[in-house]
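Visitor: The structure's right below; bear with me while I get my questions together.
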Amino acid sequence: MALTGFDPSIVQTSMNNVIAAANDVMDVLCNKFQAQFVDKMSELWACNDAQNFFRNSVKPAMDNLTNDANNIFVSVINAMRDAGNNWAAETGATFSPPSYTSNRKAVDISSIQENINGVRGIDLSAATTVSSALAIINGAAESALSRAVSAVQSCGFIGGTSAANLLASLNTIKTNINTTFTNCSASLKTAINNTTTNYKDTEGKIAQAFAGQE
């Protein structure tokens, strides 16, 4: 007969690993995205197209992504805690689940300007290089998420559908990450093309103006 139950020590370890992975995902989507894409792009691209892209495409999409991802992580962690508490009560086991405090941050696009010291346009070559960071950040977020998936796959709940249900929730985050970054990359290309048409390639002038502003 198949067993149904839980191993409290394994569940606690799994929860710790899920929490660590959740923190890593948020660090990538919030801090690394901010530093490696938004802030770097602000030094190379300044005009209405840049502001519109970040205001209308980037900020709402990324804020929704990180909010939804955080809610799912909270749901997964709470479900593991509640299931563990219920099993402990049923079996008389000792169970001390860890807590999760999110490090989520909203995207700050205040550095994206309409002009920098009167210069408008884009350093196309440098901006194209920075735009490649989107794929790197996407990959890093998925890598961190895979650690949460691995933790849930060995979560300590034996039998039933507990692990499968948790995995389905985490896979929703993966789908949302892929969709958000795919859409962001596509809309970025359109916005950059608009800028090169309207303002031309400034090749270094934006970065120079930015340095002069500081």
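Residues are referred to by chain and number: the chain letter is A, B, ... according to the order shown in the structure tokens, the number counts from 1 in that chain, and ligands are numbered separately from 1 in the order shown.
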Could you give me, as a tab-separated table, every range 156-198 of chain A residue with an atom at most 9 Å from range 130-137 of chain A, plus its closest atom pair and distance in Å to one decimal, counting only C-alpha atoms, rows ordered by chain then number?
Guide:
```
residue	atom	partner	partner_atom	distance
A:Phe181	CA	A:Leu134	CA	6.9
A:Thr182	CA	A:Ala135	CA	8.9
A:Cys184	CA	A:Leu134	CA	8.4
A:Ser185	CA	A:Leu134	CA	7.3
A:Leu188	CA	A:Ser131	CA	8.1
```
Visitor: Considering only alpha helix (DSSP H) as DSSP defines it on the backbone, what residues of range 24-162 of chain A qualify? List them as a count of residues only.
Guide: 77
Visitor: For a test of reading the model, state the distance in Å between CA of Asn64 in chain A and CA of Ser143 in chain A, rounded to one decimal.
Guide: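 Calculated distance between CA of Asn64 in chain A and CA of Ser143 in chain A is 20.2 Å.
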Visitor: Which one of A:Asp7, A:Asp24, A:Glu90, A:Glu43 sits closest to Asp123 in chain A if you count only C-alpha atoms?
Guide: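 Using only C-alpha atoms, the shortest distance to Asp123 in chain A belongs to A:Glu43.
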Visitor: DSSP on the backbone: which residues in range 48-196 of chain A end up as strand (DSSP E)? Give the answer as a PyMOL selection string.
Guide: chain A and resi 121-122+157-158
Visitor: Suppose you want the space between CA of Val107 in chain A and CA of Gln208 in chain A; what is it in Å?
Guide: 25.1 Å
Visitor: Within 10 Å of range 49-55 of chain A, which residues of range 65-110 of chain A show up? Give each one with its shortest atom-to-atom distance in Å (one decimal) and the two atoms involved, counting only C-alpha atoms, rows by chain then rising residue number, as JSON lines.
Guide:
```
{"residue": "A:Val107", "atom": "CA", "partner": "A:Phe54", "partner_atom": "CA", "distance": 9.6}
{"residue": "A:Asp108", "atom": "CA", "partner": "A:Phe54", "partner_atom": "CA", "distance": 9.6}
{"residue": "A:Ile109", "atom": "CA", "partner": "A:Phe54", "partner_atom": "CA", "distance": 6.6}
{"residue": "A:Ser110", "atom": "CA", "partner": "A:Gln51", "partner_atom": "CA", "distance": 9.1}
```
Visitor: Residues as selected, N, CA and C atoms, written as a PDB file, in the first residue's frame, can you do that?
Guide:
```
ATOM      1  N   VAL A 107       9.973  48.727 -10.218  1.00  0.00           N
ATOM      2  CA  VAL A 107      10.978  49.294 -11.119  1.00  0.00           C
ATOM      3  C   VAL A 107      10.967  50.816 -11.007  1.00  0.00           C
ATOM      4  N   ASP A 108      12.150  51.402 -10.911  1.00  0.00           N
ATOM      5  CA  ASP A 108      12.302  52.857 -10.839  1.00  0.00           C
ATOM      6  C   ASP A 108      12.781  53.353 -12.203  1.00  0.00           C
ATOM      7  N   ILE A 109      11.932  54.088 -12.912  1.00  0.00           N
ATOM      8  CA  ILE A 109      12.297  54.574 -14.244  1.00  0.00           C
ATOM      9  C   ILE A 109      12.579  56.070 -14.242  1.00  0.00           C
ATOM     10  N   SER A 110      12.791  56.637 -13.065  1.00  0.00           N
ATOM     11  CA  SER A 110      13.000  58.082 -12.969  1.00  0.00           C
ATOM     12  C   SER A 110      14.280  58.535 -13.672  1.00  0.00           C
TER      13      SER A 110
END
```
Visitor: At what distance in Å, to one decimal, does CA of Ile72 in chain A lie from CA of Ser154 in chain A?
Guide: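 Atom-to-atom, CA of Ser154 in chain A to CA of Ile72 in chain A, that is 18.6 Å.
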Visitor: Calculated over only C-alpha atoms, which of the candidates A:Ser96, A:Ser125, A:Ser169, A:Gln34 has the smallest distance to Ser75 in chain A?
Guide: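 Answer, going by the shortest atom-to-atom distance: A:Ser169.
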